[in-house]
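The file my_file-v2.csv contains CSV, C-alpha atoms and all ligand atoms:
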```csv
chain,number,residue,atom,x,y,z
A,1,MET,CA,0.0,0.0,0.0
A,2,ALA,CA,1.2,3.5,-0.8
A,3,GLU,CA,2.1,6.0,1.9
A,4,LYS,CA,-0.9,8.1,2.9
A,5,ILE,CA,-1.0,11.8,3.4
A,6,SER,CA,-3.9,14.2,4.1
A,7,VAL,CA,-4.5,17.8,3.0
A,8,ILE,CA,-7.2,20.0,4.6
A,9,GLY,CA,-8.5,22.8,2.5
A,10,PRO,CA,-9.5,22.3,-1.2
A,11,GLY,CA,-8.4,25.9,-2.3
A,12,THR,CA,-5.7,26.7,-4.9
A,13,MET,CA,-2.8,25.8,-2.6
A,14,GLY,CA,-4.5,22.7,-1.1
A,15,THR,CA,-5.4,21.2,-4.5
A,16,GLY,CA,-1.9,22.0,-5.8
A,17,ILE,CA,-0.4,20.1,-2.8
A,18,VAL,CA,-2.8,17.2,-3.5
A,19,GLN,CA,-1.7,17.1,-7.1
A,20,SER,CA,2.0,17.1,-6.2
A,21,PHE,CA,1.6,14.1,-3.8
A,22,LEU,CA,-0.7,12.2,-6.2
A,23,GLN,CA,1.9,12.6,-9.0
A,24,ALA,CA,4.5,11.3,-6.7
A,25,GLY,CA,2.5,8.1,-6.0
A,26,PHE,CA,1.0,8.8,-2.6
A,27,ASP,CA,-2.5,8.0,-1.4
A,28,VAL,CA,-4.1,11.3,-0.7
A,29,VAL,CA,-7.1,12.3,1.4
A,30,LEU,CA,-8.5,15.8,0.7
A,31,ILE,CA,-10.7,17.2,3.5
A,32,GLY,CA,-13.1,20.0,2.8
A,33,SER,CA,-15.6,21.9,5.0
A,34,SER,CA,-18.5,21.1,2.7
A,35,GLU,CA,-19.4,19.0,-0.3
A,36,ASP,CA,-19.6,22.2,-2.3
A,37,SER,CA,-16.1,23.3,-1.4
A,38,LEU,CA,-14.8,19.8,-2.3
A,39,LYS,CA,-16.6,19.9,-5.6
A,40,ASN,CA,-14.9,23.3,-6.5
A,41,GLY,CA,-11.6,21.9,-5.3
A,42,ILE,CA,-11.9,18.8,-7.5
A,43,ARG,CA,-12.9,21.0,-10.5
A,44,ARG,CA,-9.7,23.0,-9.9
A,45,LEU,CA,-7.6,19.9,-9.5
A,46,SER,CA,-9.0,18.3,-12.7
A,47,ALA,CA,-8.3,21.5,-14.7
A,48,SER,CA,-4.7,21.6,-13.4
A,49,ILE,CA,-4.0,17.9,-14.1
A,50,GLY,CA,-5.7,18.4,-17.5
A,51,LYS,CA,-3.1,21.2,-18.1
A,52,ALA,CA,-0.3,18.8,-17.2
A,53,VAL,CA,-1.7,16.2,-19.7
A,54,GLU,CA,-2.0,19.0,-22.4
A,55,LYS,CA,1.6,20.0,-21.7
A,56,GLY,CA,2.7,16.4,-22.1
A,57,SER,CA,4.1,15.8,-18.6
A,58,MET,CA,1.4,13.2,-18.0
A,59,THR,CA,-0.8,10.8,-20.0
A,60,GLU,CA,-4.5,10.5,-19.8
A,61,ASP,CA,-4.1,6.9,-18.4
A,62,GLN,CA,-1.6,8.2,-15.7
A,63,LYS,CA,-4.1,10.9,-14.8
A,64,ASN,CA,-7.0,8.4,-14.4
A,65,SER,CA,-5.0,5.9,-12.3
A,66,MET,CA,-3.7,8.7,-10.1
A,67,MET,CA,-7.2,10.0,-9.4
A,68,LEU,CA,-8.1,6.5,-8.0
A,69,ASN,CA,-5.6,7.3,-5.2
A,70,LEU,CA,-7.5,10.3,-4.1
A,71,LYS,CA,-10.2,10.2,-1.5
A,72,GLN,CA,-12.3,13.4,-0.8
A,73,SER,CA,-14.1,13.7,2.4
A,74,THR,CA,-15.7,16.1,4.9
A,75,ASN,CA,-15.0,13.7,7.8
A,76,TYR,CA,-11.7,14.4,9.7
A,77,GLY,CA,-11.7,10.7,10.8
A,78,ASP,CA,-10.5,9.9,7.3
A,79,ILE,CA,-7.1,11.5,8.0
A,80,SER,CA,-6.1,8.7,10.4
A,81,GLY,CA,-3.2,6.6,9.2
A,82,SER,CA,-1.5,9.5,7.4
A,83,SER,CA,2.2,10.2,7.7
A,84,ILE,CA,1.5,13.9,7.5
A,85,VAL,CA,-1.5,16.2,7.6
A,86,ILE,CA,-1.1,19.4,5.8
A,87,GLU,CA,-3.5,22.2,6.6
A,88,ALA,CA,-4.1,24.7,3.7
A,89,VAL,CA,-7.2,26.6,4.8
A,90,PRO,CA,-7.6,30.4,4.3
A,91,GLU,CA,-5.0,32.7,5.9
A,92,LEU,CA,-7.1,33.6,9.0
A,93,TYR,CA,-5.6,32.8,12.4
A,94,ASP,CA,-8.8,31.7,14.1
A,95,ILE,CA,-9.8,29.4,11.2
A,96,LYS,CA,-6.3,27.9,11.1
A,97,THR,CA,-6.2,27.2,14.9
A,98,GLN,CA,-9.7,25.6,14.8
A,99,VAL,CA,-8.8,23.4,11.9
A,100,LEU,CA,-5.4,22.4,13.4
A,101,SER,CA,-6.9,21.5,16.8
A,102,LYS,CA,-9.5,19.3,15.0
A,103,ALA,CA,-6.7,17.7,12.9
A,104,GLU,CA,-4.8,16.9,16.1
A,105,GLU,CA,-7.7,14.9,17.4
A,106,TYR,CA,-7.6,12.5,14.5
A,107,ALA,CA,-4.0,12.7,13.3
A,108,GLY,CA,-2.7,9.8,15.5
A,109,ASN,CA,1.1,9.7,14.9
A,110,ALA,CA,1.1,12.0,11.9
A,111,ILE,CA,3.1,15.1,11.9
A,112,ILE,CA,1.0,18.2,11.2
A,113,ALA,CA,2.1,21.1,8.9
A,114,THR,CA,0.5,24.4,8.2
A,115,ASN,CA,0.8,26.0,4.7
A,116,THR,CA,0.9,29.7,5.3
A,117,SER,CA,2.7,32.6,3.7
A,118,SER,CA,2.5,35.0,6.6
A,119,ILE,CA,1.1,33.7,9.9
A,120,PRO,CA,3.8,33.2,12.5
A,121,ILE,CA,4.2,29.4,13.0
A,122,THR,CA,5.0,29.8,16.7
A,123,LYS,CA,1.7,31.6,17.3
A,124,LEU,CA,-0.1,28.7,15.8
A,125,ALA,CA,2.1,26.1,17.6
A,126,GLU,CA,1.1,27.7,20.9
A,127,LYS,CA,-2.5,26.6,20.4
A,128,MET,CA,-1.5,23.0,19.8
A,129,LYS,CA,-1.1,20.1,22.2
A,130,ARG,CA,1.7,18.3,20.3
A,131,LYS,CA,3.8,21.3,19.5
A,132,GLU,CA,6.8,19.1,18.8
A,133,MET,CA,5.1,17.4,15.9
A,134,PHE,CA,4.1,20.6,14.2
A,135,LEU,CA,5.9,22.9,11.7
A,136,GLY,CA,5.2,25.2,8.8
A,137,MET,CA,5.4,24.2,5.1
A,138,HIS,CA,5.3,27.1,2.8
A,139,PHE,CA,4.5,25.9,-0.7
A,140,PHE,CA,4.8,28.1,-3.8
A,141,ASN,CA,2.2,28.7,-6.5
A,142,PRO,CA,1.6,26.9,-8.8
A,143,VAL,CA,2.4,24.1,-6.4
A,144,PRO,CA,2.7,21.2,-9.0
A,145,VAL,CA,5.4,23.1,-10.9
A,146,MET,CA,7.3,25.0,-8.2
A,147,LYS,CA,10.0,23.0,-6.4
A,148,PRO,CA,10.9,24.6,-3.1
A,149,ILE,CA,9.1,24.3,0.2
A,150,GLU,CA,10.1,26.5,3.1
A,151,LEU,CA,10.1,24.3,6.2
A,152,ILE,CA,9.5,26.6,9.1
A,153,VAL,CA,10.6,25.2,12.4
A,154,THR,CA,9.8,26.6,15.8
A,155,GLU,CA,11.6,26.2,19.0
A,156,TYR,CA,9.2,23.4,19.8
A,157,THR,CA,9.6,21.4,16.6
A,158,ALA,CA,11.3,18.1,17.3
A,159,ALA,CA,14.3,16.9,15.2
A,160,GLU,CA,12.3,13.9,14.2
A,161,THR,CA,9.5,16.0,12.9
A,162,ARG,CA,11.9,18.1,10.8
A,163,LYS,CA,13.4,15.0,9.3
A,164,LYS,CA,10.0,13.4,8.6
A,165,ALA,CA,8.8,16.6,6.9
A,166,SER,CA,11.9,16.9,4.8
A,167,ASP,CA,11.9,13.2,3.8
A,168,ILE,CA,8.2,13.5,2.7
A,169,ALA,CA,8.9,16.7,0.7
A,170,ILE,CA,11.7,15.0,-1.1
A,171,LYS,CA,9.6,12.0,-1.9
A,172,ALA,CA,7.0,14.4,-3.4
A,173,GLY,CA,9.7,15.7,-5.7
A,174,LYS,CA,10.2,19.0,-3.8
A,175,VAL,CA,13.2,20.7,-2.5
A,176,PRO,CA,12.7,21.4,1.3
A,177,ILE,CA,14.7,24.3,2.7
A,178,GLU,CA,14.7,24.8,6.4
A,179,VAL,CA,14.1,28.4,7.7
A,180,LYS,CA,13.4,29.9,11.1
A,181,ASP,CA,10.1,31.3,12.1
A,182,TYR,CA,10.6,34.9,10.9
A,183,PRO,CA,8.0,37.4,9.6
A,184,GLY,CA,7.5,36.5,5.9
A,185,PHE,CA,10.0,33.7,6.3
A,186,VAL,CA,12.6,34.0,3.4
A,187,ALA,CA,10.5,34.2,0.3
A,188,ASN,CA,8.0,36.8,1.2
A,189,SER,CA,10.5,38.8,3.1
A,190,VAL,CA,12.3,39.3,-0.2
A,191,LEU,CA,9.4,39.2,-2.6
A,192,MET,CA,6.9,41.6,-1.0
A,193,PRO,CA,9.2,44.6,-0.8
A,194,MET,CA,10.0,44.0,-4.4
A,195,ILE,CA,6.3,44.0,-5.4
A,196,ASN,CA,5.7,47.0,-3.2
A,197,GLU,CA,8.6,49.0,-4.7
A,198,ALA,CA,7.5,48.1,-8.3
A,199,ALA,CA,4.0,49.3,-7.5
A,200,LEU,CA,5.4,52.5,-6.0
A,201,LEU,CA,7.5,53.1,-9.2
A,202,LEU,CA,4.3,52.8,-11.2
A,203,GLN,CA,2.4,55.1,-8.9
A,204,LYS,CA,5.2,57.7,-9.2
A,205,GLY,CA,5.1,57.3,-13.0
A,206,VAL,CA,8.8,56.3,-13.2
A,207,ALA,CA,8.0,53.8,-16.0
A,208,SER,CA,5.0,52.0,-17.5
A,209,LYS,CA,3.8,48.7,-16.0
A,210,GLU,CA,5.1,46.9,-19.0
A,211,GLY,CA,8.4,48.7,-18.8
A,212,ILE,CA,8.9,47.8,-15.1
A,213,ASP,CA,8.1,44.2,-15.7
A,214,GLN,CA,10.3,44.0,-18.8
A,215,ILE,CA,13.3,45.4,-17.0
A,216,ILE,CA,13.0,42.8,-14.3
A,217,LYS,CA,12.3,40.0,-16.7
A,218,LEU,CA,15.1,40.7,-19.1
A,219,GLY,CA,17.5,42.4,-16.7
A,220,LEU,CA,17.2,40.1,-13.7
A,221,HIS,CA,16.1,37.0,-15.5
A,222,HIS,CA,12.8,36.5,-13.6
A,223,PRO,CA,10.2,34.5,-15.4
A,224,MET,CA,7.6,37.1,-14.6
A,225,GLY,CA,7.9,40.8,-13.7
A,226,PRO,CA,6.8,41.9,-10.2
A,227,LEU,CA,3.5,43.5,-11.3
A,228,GLU,CA,2.6,40.5,-13.4
A,229,LEU,CA,3.5,38.2,-10.5
A,230,ALA,CA,1.4,40.3,-8.1
A,231,ASP,CA,-1.6,39.8,-10.4
A,232,PHE,CA,-0.9,36.1,-10.5
A,233,ILE,CA,-0.6,35.8,-6.7
A,234,GLY,CA,-3.6,38.1,-6.1
A,235,ILE,CA,-3.4,41.8,-5.1
A,236,ASP,CA,-5.5,41.0,-2.0
A,237,VAL,CA,-3.1,38.2,-1.0
A,238,CYS,CA,-0.1,40.5,-1.5
A,239,VAL,CA,-1.7,43.3,0.6
A,240,ASP,CA,-2.7,40.8,3.3
A,241,ILE,CA,0.8,39.4,3.5
A,242,MET,CA,2.4,42.8,3.6
A,243,ASP,CA,0.0,44.0,6.3
A,244,SER,CA,0.7,40.9,8.3
A,245,ILE,CA,4.5,41.4,8.0
A,246,TYR,CA,4.2,45.1,8.7
A,247,LYS,CA,2.3,44.4,11.8
A,248,GLU,CA,5.0,42.1,13.0
A,249,THR,CA,8.0,44.2,12.1
A,250,GLU,CA,6.8,47.8,11.8
A,251,ASP,CA,9.2,48.0,8.9
A,252,GLU,CA,7.9,50.6,6.4
A,253,LYS,CA,9.1,48.6,3.4
A,254,PHE,CA,6.2,46.2,4.1
A,255,LYS,CA,3.5,48.9,4.3
A,256,PRO,CA,1.4,48.4,1.1
A,257,VAL,CA,1.6,51.5,-1.1
A,258,ASP,CA,-1.6,53.4,-2.0
A,259,ILE,CA,-2.0,51.9,-5.5
A,260,LEU,CA,-2.1,48.3,-4.1
A,261,CYS,CA,-4.6,49.3,-1.4
A,262,SER,CA,-6.9,51.0,-3.9
A,263,MET,CA,-6.7,48.1,-6.3
A,264,LYS,CA,-7.7,45.8,-3.4
A,265,ASN,CA,-10.7,48.1,-2.5
A,266,GLU,CA,-11.8,48.2,-6.2
A,267,ASN,CA,-11.7,44.4,-6.4
A,268,LYS,CA,-8.9,44.6,-9.1
A,269,LEU,CA,-7.3,41.6,-7.6
A,270,GLY,CA,-5.4,40.3,-10.7
A,271,LYS,CA,-5.9,37.2,-12.8
A,272,LYS,CA,-8.7,35.8,-10.7
A,273,THR,CA,-11.0,38.8,-11.1
A,274,GLY,CA,-10.1,39.5,-14.7
A,275,GLU,CA,-8.2,42.7,-13.9
A,276,GLY,CA,-5.2,43.8,-11.8
A,277,PHE,CA,-2.3,45.7,-13.2
A,278,TYR,CA,-3.2,44.0,-16.4
A,279,LYS,CA,-6.5,42.9,-18.0
A,280,TYR,CA,-7.1,39.2,-18.5
B,1,LIG,N1,0.5,20.4,-13.3
B,1,LIG,C1,1.7,19.8,-13.5
B,1,LIG,N2,2.7,20.2,-14.3
B,1,LIG,C2,2.5,21.3,-15.0
B,1,LIG,C3,1.3,22.1,-14.9
B,1,LIG,C4,0.3,21.6,-14.0
B,1,LIG,N3,-0.9,22.2,-13.8
B,1,LIG,N4,1.4,23.1,-15.7
B,1,LIG,C5,2.6,23.1,-16.2
B,1,LIG,N5,3.2,21.9,-15.8
B,1,LIG,C6,4.6,21.5,-16.2
B,1,LIG,C7,4.8,21.5,-17.7
B,1,LIG,O1,4.5,20.2,-18.2
B,1,LIG,C8,6.3,21.8,-17.7
B,1,LIG,O2,7.0,20.6,-17.4
B,1,LIG,P1,8.4,20.2,-18.2
B,1,LIG,O3,9.3,21.3,-17.8
B,1,LIG,O4,8.7,18.8,-17.7
B,1,LIG,O5,8.0,20.3,-19.7
B,1,LIG,C9,6.6,22.7,-16.6
B,1,LIG,O6,5.5,22.5,-15.7
B,1,LIG,C10,6.6,24.2,-16.9
B,1,LIG,O7,5.5,24.4,-17.7
B,1,LIG,P2,5.5,25.5,-18.9
B,1,LIG,O8,6.8,25.4,-19.6
B,1,LIG,O9,4.2,25.5,-19.6
B,1,LIG,O10,5.5,26.7,-18.0
B,1,LIG,P3,5.5,28.2,-18.4
B,1,LIG,O11,6.6,28.6,-19.3
B,1,LIG,O12,4.1,28.6,-18.7
B,1,LIG,O13,5.8,28.8,-16.9
B,1,LIG,C11,5.6,29.0,-14.6
B,1,LIG,C12,4.9,28.6,-15.9
B,1,LIG,C13,6.7,28.0,-14.3
B,1,LIG,C14,4.6,29.0,-13.5
B,1,LIG,C15,6.2,30.4,-14.8
B,1,LIG,O14,5.2,31.3,-15.3
B,1,LIG,C16,6.8,31.0,-13.6
B,1,LIG,O15,7.8,30.6,-13.1
B,1,LIG,N6,6.0,31.9,-12.9
B,1,LIG,C17,6.4,32.5,-11.7
B,1,LIG,C18,5.9,31.7,-10.6
B,1,LIG,C19,6.3,32.2,-9.2
B,1,LIG,O16,7.1,33.1,-9.1
B,1,LIG,N7,5.6,31.7,-8.2
B,1,LIG,C20,5.9,32.1,-6.9
B,1,LIG,C21,4.8,33.0,-6.4
B,1,LIG,S1,5.1,33.5,-4.8
B,1,LIG,C22,4.4,32.3,-3.8
B,1,LIG,O17,3.9,31.4,-4.2
B,1,LIG,C23,4.6,32.6,-2.4
B,1,LIG,C24,3.3,33.0,-1.8
B,1,LIG,O18,3.4,33.0,-0.4
B,1,LIG,C25,2.9,34.4,-2.3
```
Could you render the structure from this file as structure tokens?
Amino acid sequence: MAEKISVIGPGTMGTGIVQSFLQAGFDVVLIGSSEDSLKNGIRRLSASIGKAVEKGSMTEDQKNSMMLNLKQSTNYGDISGSSIVIEAVPELYDIKTQVLSKAEEYAGNAIIATNTSSIPITKLAEKMKRKEMFLGMHFFNPVPVMKPIELIVTEYTAAETRKKASDIAIKAGKVPIEVKDYPGFVANSVLMPMINEAALLLQKGVASKEGIDQIIKLGLHHPMGPLELADFIGIDVCVDIMDSIYKETEDEKFKPVDILCSMKNENKLGKKTGEGFYKY
């Protein structure tokens, strides 16, 4: 029997994590809060796997046999027997702590990880009974394609938990990189000031949006410019991450600039709403 893992939360990140583990041959349980949320999650997952088939990195037969290893459920009891339970619910502290406590009740010997881009892992750990078996796993979007995982360890995380998480990440074809619990960890600590600065340059009229993105793409060899990337991540997500890091650090470089805040208020959230810096 294949190794079993569970993912809680059928959103973009959750379904991306599910796909990565299915592709690596794991049995996967996906837990949703309702049948409807699961239905939307499965639609997202099918579309993404369909894209992989279209791109030629998987055959239709491989897709079909892989889907047989997925169980979707609203019952937390189904996570028992997993090596790891990965929580990927919305970035709200109260929701995350509720879900993590519930996961702990059923997880047995599984280690528990939270996928978050900005909530301090130690603050979440403090609400848990088995702090030593808990850590952060920050996946990157789109999860099936992006290799790294920031493994965020707290002062409570046991060495055995760190090793288990790292081994599982490697088995899923990822590259785990351990970091300390620090506001924004490494990725968003570097990325968010870059997006904020690019937005400020646009706000000041220093260059056009296309110009800013082109300079970074061609000059720094990034696959996407910062404004295009902000649209891809979601302007609301970027602003929320910046707000959260700003609250922790009081460092002005994380304070979202006016243009980002206005875009969030006007629901110009990027690709998902059809308009951000660019139109889609
Ligand atoms: N499932 C599985 N595999 C897929 C896939 C899918 N849905 N879609 C594409 N692939 C595979 C393709 O088959 C291809 O595999 P191959 O190399 O073996 O042929 C590979 O992925 C790359 O696909 P493409 O060549 O079609 O990819 P593109 O040229 O369109 O590039 C991209 C896509 C890699 C996502 C590129 O646009 C990119 O690098 N974008 C930037 C992404 C980024 O920076 N993400 C980080 C965001 S920040 C974050 O997540 C942190 C958060 O906290 C904010």
Next on the checklist: From the options A:Thr157, A:Ser208, A:Thr15, A:Asn109, which residue's atoms come nearest to ligand LIG 1 (chain B), counting all atoms listed in the file?
Outcome noted: A:Thr15
Next on the checklist: Taking all atoms listed in the file into account, list the residues no farther than 7 Å from ligand LIG 1 (chain B), as JSON, numbers by chain.
Outcome noted: {"A": [48, 49, 51, 52, 55, 56, 57, 117, 138, 139, 140, 141, 142, 144, 145, 146, 187, 188, 223, 224, 229, 233, 238]}
Item to check | All residues 7 Å or closer to Ala110 (chain A), all atoms listed in the file, same chain fewer than 4 positions away omitted, as a ChimeraX atom specification | outcome: /A:82-85
Next on the checklist: Report, in Å with one decimal, the straight-line distance from CA of Asp27 (chain A) to CA of Asn69 (chain A).
Outcome noted: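 If I compute the distance from CA of Asp27 (chain A) to CA of Asn69 (chain A), I get 5.0 Å.
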Checklist outcome for this item: The distance between CA of Ile216 (chain A) and CA of Cys261 (chain A) is 22.8 Å
Checklist entry - Skipping near chain neighbours, those fewer than 6 positions away, what residues fall within 10 Å of Thr122 (chain A) using only C-alpha atoms, listed as a list in words? => result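 That gives Met128, Lys131, Phe134, Leu135, Gly136, Ile152, Val153, Thr154, Glu155, Tyr156, Thr157, Asp181 and Tyr182 of chain A.
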Item to check | Protein, DNA and RNA residues within 9 Å of (4.7, 39.8, -3.5), all atoms listed in the file, as number ranges by chain | outcome: A: 187-196, 226-227, 229-230, 233-235, 237-239, 241-242
